[in-house]
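Printed here is entry_37.pdb (PDB, C-alpha atoms, pLDDT in the B column):
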MODEL        1
ATOM      1  CA  MET A 138     -36.025  -6.215 -48.566  1.00 49.00           C
ATOM      2  CA  ASN A 139     -39.276  -5.274 -50.335  1.00 51.00           C
ATOM      3  CA  ARG A 140     -37.615  -5.789 -53.729  1.00 51.00           C
ATOM      4  CA  VAL A 141     -36.403  -9.237 -52.643  1.00 46.00           C
ATOM      5  CA  LEU A 142     -39.911 -10.180 -51.490  1.00 47.00           C
ATOM      6  CA  ILE A 143     -41.419  -9.041 -54.793  1.00 47.00           C
ATOM      7  CA  LEU A 144     -38.827 -11.050 -56.741  1.00 48.00           C
ATOM      8  CA  TYR A 145     -39.499 -14.021 -54.475  1.00 47.00           C
ATOM      9  CA  ILE A 146     -43.236 -13.881 -55.241  1.00 46.00           C
ATOM     10  CA  VAL A 147     -42.645 -13.577 -58.990  1.00 45.00           C
ATOM     11  CA  VAL A 148     -40.184 -16.475 -59.052  1.00 47.00           C
ATOM     12  CA  SER A 149     -42.500 -18.572 -56.886  1.00 48.00           C
ATOM     13  CA  PHE A 150     -45.185 -18.248 -59.553  1.00 44.00           C
ATOM     14  CA  ARG A 151     -42.806 -18.732 -62.501  1.00 49.00           C
ATOM     15  CA  LEU A 152     -41.065 -21.704 -60.906  1.00 47.00           C
ATOM     16  CA  VAL A 153     -44.392 -23.513 -60.593  1.00 43.00           C
ATOM     17  CA  VAL A 154     -44.778 -23.011 -64.343  1.00 43.00           C
ATOM     18  CA  PHE A 155     -41.166 -24.109 -64.835  1.00 46.00           C
ATOM     19  CA  LEU A 156     -41.892 -27.363 -63.028  1.00 45.00           C
ATOM     20  CA  LEU A 157     -45.139 -28.140 -64.833  1.00 46.00           C
ATOM     21  CA  PRO A 158     -44.825 -31.162 -67.115  1.00 44.00           C
ATOM     22  CA  SER A 159     -44.529 -30.688 -70.827  1.00 46.00           C
ATOM     23  CA  THR A 160     -46.576 -32.702 -73.288  1.00 41.00           C
ATOM     24  CA  SER A 161     -43.927 -35.430 -73.400  1.00 43.00           C
ATOM     25  CA  THR A 162     -43.380 -35.832 -69.650  1.00 41.00           C
ATOM     26  CA  SER A 163     -45.306 -36.537 -66.480  1.00 36.00           C
ATOM     27  CA  PHE A 164     -43.286 -34.892 -63.741  1.00 39.00           C
ATOM     28  CA  SER A 165     -44.376 -33.104 -60.591  1.00 38.00           C
ATOM     29  CA  LEU A 166     -42.945 -32.038 -57.233  1.00 39.00           C
ATOM     30  CA  HIS A 167     -44.429 -31.602 -53.803  1.00 36.00           C
ATOM     31  CA  PRO A 168     -45.001 -27.868 -53.109  1.00 40.00           C
ATOM     32  CA  ILE A 169     -43.001 -28.063 -49.860  1.00 35.00           C
ATOM     33  CA  PHE A 170     -39.955 -29.218 -51.822  1.00 39.00           C
ATOM     34  CA  VAL A 171     -40.331 -26.346 -54.267  1.00 43.00           C
ATOM     35  CA  LYS A 172     -40.637 -23.813 -51.435  1.00 41.00           C
ATOM     36  CA  ALA A 173     -37.510 -25.192 -49.755  1.00 43.00           C
ATOM     37  CA  HIS A 174     -35.479 -24.452 -52.895  1.00 47.00           C
ATOM     38  CA  LEU A 175     -36.953 -20.978 -53.184  1.00 46.00           C
ATOM     39  CA  ASP A 176     -36.138 -20.196 -49.559  1.00 47.00           C
ATOM     40  CA  LYS A 177     -32.537 -21.293 -50.060  1.00 46.00           C
ATOM     41  CA  CYS A 178     -32.263 -19.307 -53.266  1.00 44.00           C
ATOM     42  CA  PHE A 179     -33.495 -16.050 -51.760  1.00 43.00           C
ATOM     43  CA  MET A 180     -32.127 -16.664 -48.252  1.00 42.00           C
ATOM     44  CA  LEU A 181     -35.387 -15.600 -46.624  1.00 39.00           C
ATOM     45  CA  PRO A 182     -35.600 -16.129 -42.849  1.00 37.00           C
ATOM     46  CA  THR A 183     -37.537 -19.184 -41.785  1.00 36.00           C
ATOM     47  CA  ARG A 184     -40.896 -18.615 -40.183  1.00 38.00           C
ATOM     48  CA  GLY A 185     -41.717 -19.747 -36.718  1.00 41.00           C
ATOM     49  CA  LYS A 186     -42.853 -18.525 -33.359  1.00 38.00           C
ATOM     50  CA  GLN A 187     -40.285 -16.395 -31.605  1.00 40.00           C
ATOM     51  CA  LYS A 188     -40.464 -16.148 -27.837  1.00 39.00           C
ATOM     52  CA  PRO A 189     -39.599 -12.687 -26.551  1.00 38.00           C
ATOM     53  CA  LYS A 190     -36.597 -12.304 -24.288  1.00 39.00           C
ATOM     54  CA  ARG A 191     -36.854 -10.595 -20.955  1.00 39.00           C
ATOM     55  CA  GLY A 192     -37.021  -6.846 -21.237  1.00 40.00           C
ATOM     56  CA  GLY A 193     -39.393  -6.980 -24.217  1.00 39.00           C
ATOM     57  CA  GLN A 194     -36.684  -7.735 -26.830  1.00 37.00           C
ATOM     58  CA  ARG A 195     -37.235 -10.456 -29.392  1.00 34.00           C
ATOM     59  CA  ARG A 196     -34.700 -12.920 -30.700  1.00 31.00           C
ATOM     60  CA  SER A 197     -33.305 -12.383 -34.141  1.00 33.00           C
ATOM     61  CA  LEU A 198     -34.781 -14.663 -36.763  1.00 30.00           C
ATOM     62  CA  PRO A 199     -32.719 -17.810 -37.365  1.00 32.00           C
ATOM     63  CA  GLN A 200     -30.622 -17.937 -40.504  1.00 35.00           C
ATOM     64  CA  PRO A 201     -31.402 -20.684 -43.031  1.00 33.00           C
ATOM     65  CA  SER A 202     -29.125 -23.681 -42.880  1.00 35.00           C
ATOM     66  CA  ALA A 203     -26.616 -24.419 -45.604  1.00 39.00           C
ATOM     67  CA  PRO A 204     -27.995 -26.425 -48.549  1.00 40.00           C
ATOM     68  CA  SER A 205     -27.620 -30.165 -48.124  1.00 39.00           C
ATOM     69  CA  SER A 206     -25.304 -31.847 -50.597  1.00 44.00           C
ATOM     70  CA  GLU A 207     -27.892 -34.631 -50.851  1.00 50.00           C
ATOM     71  CA  SER A 208     -30.668 -32.266 -51.937  1.00 60.00           C
ATOM     72  CA  PRO A 209     -31.138 -32.206 -55.715  1.00 75.00           C
ATOM     73  CA  GLY A 210     -30.428 -28.863 -57.358  1.00 91.00           C
ATOM     74  CA  LEU A 211     -32.712 -27.084 -59.769  1.00 94.00           C
ATOM     75  CA  ILE A 212     -30.754 -28.294 -62.802  1.00 96.00           C
ATOM     76  CA  GLN A 213     -31.114 -31.884 -61.625  1.00 95.00           C
ATOM     77  CA  ILE A 214     -34.837 -31.253 -61.094  1.00 96.00           C
ATOM     78  CA  PHE A 215     -35.116 -29.958 -64.658  1.00 97.00           C
ATOM     79  CA  PHE A 216     -33.495 -33.041 -66.183  1.00 98.00           C
ATOM     80  CA  ALA A 217     -35.495 -35.369 -63.918  1.00 97.00           C
ATOM     81  CA  GLY A 218     -38.573 -34.230 -65.824  1.00 96.00           C
ATOM     82  CA  TYR A 219     -37.345 -36.169 -68.870  1.00 97.00           C
ATOM     83  CA  ALA A 220     -36.576 -39.446 -67.091  1.00 95.00           C
ATOM     84  CA  PRO A 221     -36.592 -42.362 -67.510  1.00 96.00           C
ATOM     85  CA  ARG A 222     -35.981 -41.938 -71.233  1.00 96.00           C
ATOM     86  CA  PHE A 223     -33.180 -39.458 -70.569  1.00 97.00           C
ATOM     87  CA  GLN A 224     -30.661 -40.343 -67.870  1.00 96.00           C
ATOM     88  CA  TYR A 225     -28.943 -37.206 -66.583  1.00 97.00           C
ATOM     89  CA  ASN A 226     -25.223 -37.345 -65.803  1.00 96.00           C
ATOM     90  CA  PRO A 227     -24.675 -34.869 -62.922  1.00 93.00           C
ATOM     91  CA  ILE A 228     -20.887 -34.789 -63.291  1.00 93.00           C
ATOM     92  CA  ALA A 229     -21.078 -33.667 -66.925  1.00 95.00           C
ATOM     93  CA  SER A 230     -21.502 -30.090 -68.128  1.00 95.00           C
ATOM     94  CA  SER A 231     -25.163 -29.104 -67.802  1.00 96.00           C
ATOM     95  CA  SER A 232     -25.073 -27.374 -71.204  1.00 96.00           C
ATOM     96  CA  LEU A 233     -23.680 -30.477 -72.893  1.00 96.00           C
ATOM     97  CA  GLU A 234     -26.311 -32.566 -71.112  1.00 97.00           C
ATOM     98  CA  PHE A 235     -29.009 -30.302 -72.526  1.00 98.00           C
ATOM     99  CA  TYR A 236     -27.675 -30.808 -76.059  1.00 97.00           C
ATOM    100  CA  ARG A 237     -27.644 -34.559 -75.398  1.00 98.00           C
ATOM    101  CA  LEU A 238     -31.254 -34.303 -74.228  1.00 98.00           C
ATOM    102  CA  CYS A 239     -32.209 -32.656 -77.516  1.00 98.00           C
ATOM    103  CA  ASP A 240     -30.467 -35.407 -79.448  1.00 97.00           C
ATOM    104  CA  GLU A 241     -32.246 -38.084 -77.419  1.00 97.00           C
ATOM    105  CA  PHE A 242     -35.668 -36.638 -78.273  1.00 97.00           C
ATOM    106  CA  GLY A 243     -34.727 -35.677 -81.849  1.00 97.00           C
ATOM    107  CA  TRP A 244     -35.405 -31.943 -81.384  1.00 97.00           C
ATOM    108  CA  ASP A 245     -33.929 -29.504 -83.863  1.00 95.00           C
ATOM    109  CA  LYS A 246     -33.499 -25.819 -82.972  1.00 93.00           C
ATOM    110  CA  GLU A 247     -36.960 -24.874 -84.262  1.00 95.00           C
ATOM    111  CA  HIS A 248     -38.850 -27.693 -82.558  1.00 97.00           C
ATOM    112  CA  PRO A 249     -41.503 -26.230 -80.182  1.00 97.00           C
ATOM    113  CA  GLU A 250     -40.665 -28.765 -77.482  1.00 97.00           C
ATOM    114  CA  ARG A 251     -36.983 -27.832 -77.634  1.00 97.00           C
ATOM    115  CA  ILE A 252     -37.824 -24.143 -77.369  1.00 97.00           C
ATOM    116  CA  ARG A 253     -39.926 -24.787 -74.268  1.00 97.00           C
ATOM    117  CA  ALA A 254     -37.283 -27.031 -72.742  1.00 97.00           C
ATOM    118  CA  HIS A 255     -34.549 -24.507 -73.470  1.00 97.00           C
ATOM    119  CA  GLN A 256     -36.432 -21.754 -71.658  1.00 96.00           C
ATOM    120  CA  LYS A 257     -36.904 -23.992 -68.623  1.00 97.00           C
ATOM    121  CA  PHE A 258     -33.234 -24.946 -68.735  1.00 97.00           C
ATOM    122  CA  LYS A 259     -32.196 -21.275 -68.761  1.00 95.00           C
ATOM    123  CA  ASP A 260     -34.495 -20.651 -65.800  1.00 95.00           C
ATOM    124  CA  ALA A 261     -32.843 -23.533 -63.939  1.00 96.00           C
ATOM    125  CA  LEU A 262     -29.334 -22.220 -64.683  1.00 96.00           C
ATOM    126  CA  VAL A 263     -30.104 -18.744 -63.382  1.00 95.00           C
ATOM    127  CA  LEU A 264     -31.954 -19.966 -60.295  1.00 95.00           C
ATOM    128  CA  GLN A 265     -29.145 -22.425 -59.527  1.00 95.00           C
ATOM    129  CA  PHE A 266     -26.587 -19.611 -59.780  1.00 95.00           C
ATOM    130  CA  ASN A 267     -28.676 -17.535 -57.367  1.00 94.00           C
ATOM    131  CA  GLU A 268     -28.930 -20.414 -54.929  1.00 94.00           C
ATOM    132  CA  THR A 269     -25.208 -21.162 -55.050  1.00 94.00           C
ATOM    133  CA  TYR A 270     -23.741 -17.651 -55.040  1.00 94.00           C
ATOM    134  CA  GLY A 271     -26.569 -15.459 -53.724  1.00 94.00           C
ATOM    135  CA  ILE A 272     -28.436 -12.501 -55.208  1.00 93.00           C
ATOM    136  CA  ASN A 273     -27.365  -9.609 -52.972  1.00 94.00           C
ATOM    137  CA  VAL A 274     -24.580  -7.617 -54.628  1.00 94.00           C
ATOM    138  CA  ASN A 275     -23.757  -6.095 -51.224  1.00 95.00           C
ATOM    139  CA  SER A 276     -23.258  -9.450 -49.481  1.00 95.00           C
ATOM    140  CA  LEU A 277     -19.612  -9.846 -48.459  1.00 96.00           C
ATOM    141  CA  GLU A 278     -20.220 -13.560 -47.894  1.00 95.00           C
ATOM    142  CA  SER A 279     -21.258 -14.013 -51.542  1.00 95.00           C
ATOM    143  CA  TRP A 280     -18.157 -12.245 -52.831  1.00 96.00           C
ATOM    144  CA  HIS A 281     -15.866 -14.166 -50.477  1.00 96.00           C
ATOM    145  CA  ASN A 282     -17.371 -17.381 -51.842  1.00 95.00           C
ATOM    146  CA  LEU A 283     -16.716 -16.254 -55.424  1.00 96.00           C
ATOM    147  CA  CYS A 284     -13.181 -15.157 -54.519  1.00 96.00           C
ATOM    148  CA  HIS A 285     -12.511 -18.677 -53.309  1.00 95.00           C
ATOM    149  CA  VAL A 286     -13.977 -20.276 -56.436  1.00 95.00           C
ATOM    150  CA  VAL A 287     -11.940 -18.095 -58.838  1.00 95.00           C
ATOM    151  CA  ARG A 288      -8.800 -18.642 -56.741  1.00 95.00           C
ATOM    152  CA  ILE A 289      -8.153 -15.135 -55.423  1.00 95.00           C
ATOM    153  CA  ASP A 290      -5.540 -15.318 -52.678  1.00 93.00           C
ATOM    154  CA  PRO A 291      -5.444 -13.589 -50.298  1.00 95.00           C
ATOM    155  CA  ILE A 292      -9.167 -12.870 -50.220  1.00 95.00           C
ATOM    156  CA  PRO A 293      -9.836  -9.141 -49.658  1.00 95.00           C
ATOM    157  CA  GLU A 294     -11.579  -8.159 -46.449  1.00 93.00           C
ATOM    158  CA  ASP A 295     -13.743  -5.291 -47.703  1.00 94.00           C
ATOM    159  CA  LEU A 296     -16.704  -5.478 -50.072  1.00 96.00           C
ATOM    160  CA  ASP A 297     -15.547  -3.107 -52.834  1.00 95.00           C
ATOM    161  CA  THR A 298     -12.130  -4.739 -53.168  1.00 96.00           C
ATOM    162  CA  CYS A 299     -13.749  -8.180 -53.267  1.00 95.00           C
ATOM    163  CA  ARG A 300     -16.145  -7.198 -56.029  1.00 95.00           C
ATOM    164  CA  GLU A 301     -13.402  -5.601 -58.113  1.00 95.00           C
ATOM    165  CA  ALA A 302     -11.082  -8.595 -57.667  1.00 96.00           C
ATOM    166  CA  VAL A 303     -13.787 -10.979 -58.923  1.00 96.00           C
ATOM    167  CA  ARG A 304     -14.742  -8.593 -61.704  1.00 93.00           C
ATOM    168  CA  ARG A 305     -11.176  -8.767 -63.036  1.00 94.00           C
ATOM    169  CA  LYS A 306     -11.543 -12.512 -63.550  1.00 95.00           C
ATOM    170  CA  PHE A 307     -12.969 -13.842 -66.801  1.00 96.00           C
ATOM    171  CA  VAL A 308     -14.811 -17.089 -66.162  1.00 96.00           C
ATOM    172  CA  ASN A 309     -17.612 -18.998 -67.864  1.00 96.00           C
ATOM    173  CA  LEU A 310     -20.804 -18.780 -65.797  1.00 96.00           C
ATOM    174  CA  VAL A 311     -22.027 -22.247 -66.768  1.00 96.00           C
ATOM    175  CA  ASP A 312     -18.755 -23.638 -65.410  1.00 96.00           C
ATOM    176  CA  LEU A 313     -19.361 -21.676 -62.190  1.00 95.00           C
ATOM    177  CA  VAL A 314     -22.778 -23.295 -61.803  1.00 95.00           C
ATOM    178  CA  ASP A 315     -21.538 -26.785 -62.734  1.00 96.00           C
ATOM    179  CA  ARG A 316     -18.531 -26.702 -60.405  1.00 94.00           C
ATOM    180  CA  ALA A 317     -20.463 -28.034 -57.399  1.00 86.00           C
ATOM    181  CA  ASN A 318     -21.471 -31.167 -59.344  1.00 87.00           C
ATOM    182  CA  THR A 319     -18.495 -31.762 -61.632  1.00 88.00           C
ATOM    183  CA  GLY A 320     -15.792 -30.945 -59.077  1.00 87.00           C
ATOM    184  CA  VAL A 321     -13.813 -29.335 -61.909  1.00 91.00           C
ATOM    185  CA  GLU A 322     -12.055 -26.058 -61.131  1.00 94.00           C
ATOM    186  CA  VAL A 323     -13.199 -23.228 -63.388  1.00 96.00           C
ATOM    187  CA  THR A 324     -10.902 -22.026 -66.163  1.00 96.00           C
ATOM    188  CA  LEU A 325      -9.741 -18.411 -65.850  1.00 97.00           C
ATOM    189  CA  PHE A 326      -9.156 -16.358 -69.000  1.00 96.00           C
ATOM    190  CA  GLU A 327      -7.003 -13.269 -69.517  1.00 94.00           C
ATOM    191  CA  THR A 328      -9.406 -11.400 -71.778  1.00 95.00           C
ATOM    192  CA  GLU A 329     -13.082 -11.145 -72.553  1.00 96.00           C
ATOM    193  CA  ARG A 330     -12.313 -12.252 -76.116  1.00 95.00           C
ATOM    194  CA  GLN A 331     -10.667 -15.475 -74.906  1.00 96.00           C
ATOM    195  CA  LEU A 332     -13.695 -16.149 -72.710  1.00 96.00           C
ATOM    196  CA  SER A 333     -15.984 -15.486 -75.662  1.00 96.00           C
ATOM    197  CA  GLN A 334     -14.098 -17.935 -77.890  1.00 96.00           C
ATOM    198  CA  TYR A 335     -14.244 -20.641 -75.213  1.00 96.00           C
ATOM    199  CA  THR A 336     -17.943 -20.046 -74.535  1.00 96.00           C
ATOM    200  CA  LEU A 337     -19.009 -20.157 -78.177  1.00 96.00           C
ATOM    201  CA  SER A 338     -16.802 -23.143 -79.049  1.00 96.00           C
ATOM    202  CA  THR A 339     -18.109 -25.248 -76.139  1.00 95.00           C
ATOM    203  CA  GLY A 340     -21.735 -24.092 -76.337  1.00 94.00           C
ATOM    204  CA  LYS A 341     -21.699 -23.169 -72.631  1.00 95.00           C
ATOM    205  CA  ILE A 342     -23.770 -20.043 -73.134  1.00 92.00           C
ATOM    206  CA  PHE A 343     -25.336 -18.570 -70.018  1.00 93.00           C
ATOM    207  CA  PRO A 344     -28.573 -16.557 -70.352  1.00 89.00           C
ATOM    208  CA  GLY A 345     -27.962 -12.820 -70.672  1.00 83.00           C
ATOM    209  CA  GLU A 346     -30.632 -10.513 -69.320  1.00 81.00           C
ATOM    210  CA  HIS A 347     -33.003 -12.745 -67.362  1.00 84.00           C
ATOM    211  CA  ALA A 348     -36.011 -12.050 -65.159  1.00 80.00           C
ATOM    212  CA  TYR A 349     -34.618 -14.169 -62.318  1.00 85.00           C
ATOM    213  CA  ALA A 350     -31.081 -12.755 -62.361  1.00 85.00           C
ATOM    214  CA  GLY A 351     -29.930 -11.452 -58.989  1.00 89.00           C
ATOM    215  CA  GLY A 352     -27.528  -8.588 -58.409  1.00 89.00           C
ATOM    216  CA  VAL A 353     -24.440 -10.801 -58.157  1.00 92.00           C
ATOM    217  CA  LEU A 354     -25.176 -12.498 -61.471  1.00 92.00           C
ATOM    218  CA  ARG A 355     -25.830  -9.202 -63.270  1.00 91.00           C
ATOM    219  CA  TYR A 356     -22.486  -7.930 -62.002  1.00 90.00           C
ATOM    220  CA  LEU A 357     -20.655 -10.826 -63.677  1.00 92.00           C
ATOM    221  CA  LEU A 358     -22.301 -10.827 -67.122  1.00 92.00           C
ATOM    222  CA  ARG A 359     -19.921 -10.356 -70.075  1.00 91.00           C
ATOM    223  CA  HIS A 360     -20.169  -9.381 -73.740  1.00 91.00           C
ATOM    224  CA  ILE A 361     -19.875 -12.881 -75.184  1.00 91.00           C
ATOM    225  CA  LEU A 362     -21.241 -12.257 -78.691  1.00 89.00           C
ATOM    226  CA  HIS A 363     -19.395  -8.953 -79.098  1.00 89.00           C
ATOM    227  CA  PRO A 364     -16.357  -9.069 -76.788  1.00 91.00           C
ATOM    228  CA  ARG A 365     -14.380  -5.917 -76.091  1.00 83.00           C
ATOM    229  CA  ASP A 366     -10.676  -6.054 -76.879  1.00 76.00           C
ATOM    230  CA  ASP A 367      -9.634  -3.629 -74.140  1.00 62.00           C
ATOM    231  CA  HIS A 368     -11.206  -5.703 -71.349  1.00 53.00           C
ATOM    232  CA  SER A 369      -8.449  -7.875 -69.942  1.00 59.00           C
ATOM    233  CA  SER A 370      -7.229  -8.776 -66.498  1.00 52.00           C
ATOM    234  CA  ALA A 371      -3.978  -6.888 -67.086  1.00 49.00           C
ATOM    235  CA  SER A 372      -5.655  -3.711 -68.339  1.00 47.00           C
ATOM    236  CA  ARG A 373      -8.024  -3.728 -65.366  1.00 48.00           C
ATOM    237  CA  ARG A 374      -5.065  -4.021 -63.001  1.00 46.00           C
ATOM    238  CA  ARG A 375      -3.316  -1.097 -64.718  1.00 42.00           C
ATOM    239  CA  ARG A 376      -6.428   1.080 -64.508  1.00 41.00           C
ATOM    240  CA  GLY A 377      -6.798   0.177 -60.839  1.00 41.00           C
ATOM    241  CA  ALA A 378      -3.162   1.098 -60.188  1.00 37.00           C
ATOM    242  CA  LYS A 379      -3.682   4.525 -61.843  1.00 35.00           C
ATOM    243  CA  VAL A 380      -6.700   5.172 -59.661  1.00 29.00           C
ATOM    244  CA  ARG A 381      -4.777   4.222 -56.516  1.00 29.00           C
ATOM    245  CA  ARG A 382      -2.024   6.691 -57.419  1.00 25.00           C
TER     246      ARG A 382
ENDMDL
END
Could you write out this file's structure as structure tokens?
Amino acid sequence: MNRVLILYIVVSFRLVVFLLPSTSTSFSLHPIFVKAHLDKCFMLPTRGKQKPKRGGQRRSLPQPSAPSSESPGLIQIFFAGYAPRFQYNPIASSSLEFYRLCDEFGWDKEHPERIRAHQKFKDALVLQFNETYGINVNSLESWHNLCHVVRIDPIPEDLDTCREAVRRKFVNLVDLVDRANTGVEVTLFETERQLSQYTLSTGKIFPGEHAYAGGVLRYLLRHILHPRDDHSSASRRRRGAKVRR
């Protein structure tokens, strides 16, 4: 819990920086709105007075409610900083929307404004993943959610089997994040090399090592630039079968 609180404090500070306007925009958010997104992302218990029960026992802290579908996500917040000149399409790929943003403002890869925007966009992607799928690698609820998204049926009951079942799936992480907005089912690949080819050809490149990455995200990172030939769904199943014997 202490590690989660430390990460929460660090992200709280960095997210304020993330939301500060750049030289070409004038965009700000109310601090309460920012805190609400951070609380959902890190699933911290809500504060409030708790009346003790009889016998000296206290009620357990209430769990945070599920995110509202009407509440804008962190990716939408990022793109809103460039309105009205740039009109974000929430049902399009967020990566492709970022490239369209660069075209709209005429930024090449070396432009300082593009570099700043790209860093903020990567922050938004990672934080949105954390908010959608959680950060606790030992959360069975997070892995059950991922099992559903990558179409594992039946969904395993225990934590280790869930994690391994998801780990056998090769899926683009940008597509995982975008799924809630686009409504498009994620594409599953047989090998890490196939996933790498898809990722590089579409430009849907998720940040690798990132300061905001939670445990679940780190568990799912792949070798996109240098894929390993022996990492396939079939080979993982064979290795698992040998272990079970």
Computed gap from atom CA of Asn226 of chain A to atom CA of Ala261 of chain A is 15.9 Å
Counting all atoms listed in the file, I want the residues whose atoms come within 12 Å of (-8.4, -15.4, -73.7) in the file frame, returned as a PDB file with C-alpha atoms, in the coordinates of the input.
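The resulting file, result.pdb, is reproduced below:
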ATOM      1  CA  LYS A 306     -11.543 -12.512 -63.550  1.00 95.00           C
ATOM      2  CA  PHE A 307     -12.969 -13.842 -66.801  1.00 96.00           C
ATOM      3  CA  VAL A 308     -14.811 -17.089 -66.162  1.00 96.00           C
ATOM      4  CA  ASN A 309     -17.612 -18.998 -67.864  1.00 96.00           C
ATOM      5  CA  THR A 324     -10.902 -22.026 -66.163  1.00 96.00           C
ATOM      6  CA  LEU A 325      -9.741 -18.411 -65.850  1.00 97.00           C
ATOM      7  CA  PHE A 326      -9.156 -16.358 -69.000  1.00 96.00           C
ATOM      8  CA  GLU A 327      -7.003 -13.269 -69.517  1.00 94.00           C
ATOM      9  CA  THR A 328      -9.406 -11.400 -71.778  1.00 95.00           C
ATOM     10  CA  GLU A 329     -13.082 -11.145 -72.553  1.00 96.00           C
ATOM     11  CA  ARG A 330     -12.313 -12.252 -76.116  1.00 95.00           C
ATOM     12  CA  GLN A 331     -10.667 -15.475 -74.906  1.00 96.00           C
ATOM     13  CA  LEU A 332     -13.695 -16.149 -72.710  1.00 96.00           C
ATOM     14  CA  SER A 333     -15.984 -15.486 -75.662  1.00 96.00           C
ATOM     15  CA  GLN A 334     -14.098 -17.935 -77.890  1.00 96.00           C
ATOM     16  CA  TYR A 335     -14.244 -20.641 -75.213  1.00 96.00           C
ATOM     17  CA  THR A 336     -17.943 -20.046 -74.535  1.00 96.00           C
ATOM     18  CA  ILE A 361     -19.875 -12.881 -75.184  1.00 91.00           C
ATOM     19  CA  PRO A 364     -16.357  -9.069 -76.788  1.00 91.00           C
ATOM     20  CA  ARG A 365     -14.380  -5.917 -76.091  1.00 83.00           C
ATOM     21  CA  ASP A 366     -10.676  -6.054 -76.879  1.00 76.00           C
ATOM     22  CA  ASP A 367      -9.634  -3.629 -74.140  1.00 62.00           C
ATOM     23  CA  HIS A 368     -11.206  -5.703 -71.349  1.00 53.00           C
ATOM     24  CA  SER A 369      -8.449  -7.875 -69.942  1.00 59.00           C
ATOM     25  CA  SER A 370      -7.229  -8.776 -66.498  1.00 52.00           C
ATOM     26  CA  ALA A 371      -3.978  -6.888 -67.086  1.00 49.00           C
TER      27      ALA A 371
END
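Distances to Tyr236 of chain A were evaluated for A:Phe266, A:Lys341, A:Gly352, A:His347 using only C-alpha atoms, and the minimum falls at A:Lys341.
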Enumerate, in order of chain and increasing residue number, the residues of segment 231-258 of chain A with an atom no farther than 9 Å from segment 215-219 of chain A, each with its shortest atom pair and distance in Å to one decimal, counting only C-alpha atoms, as a tab-separated table.
residue	atom	partner	partner_atom	distance
A:Glu234	CA	A:Phe216	CA	8.7
A:Phe235	CA	A:Phe216	CA	8.2
A:Leu238	CA	A:Tyr219	CA	8.3
A:Ala254	CA	A:Phe215	CA	8.9
A:Lys257	CA	A:Phe215	CA	7.4
A:Phe258	CA	A:Phe215	CA	6.7
Between atom CA of Val311 of chain A and atom CA of Asp290 of chain A, what is the distance, to one decimal in Å?
22.8 Å
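Across the model, the gap from atom CA of Cys239 of chain A to atom CA of Gln265 of chain A is 20.9 Å.
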Suppose a student applies the PyMOL selection byres ((chain A and resi 269-271) around 8) to this structure; what residues should they get, written as number ranges by chain?
A: 178-180, 265-268, 272-273, 279, 282-283, 314, 351, 353
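In this comparison, which uses only C-alpha atoms, the residue of A:Arg305, A:Arg222, A:Lys259, A:His363 approaching Glu241 of chain A most closely is A:Arg222.
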Resolved residues for the PyMOL selection byres ((chain A and resi 299) around 12) as an NGL selection string
:A and (274-285 or 287 or 289-298 or 300-306)
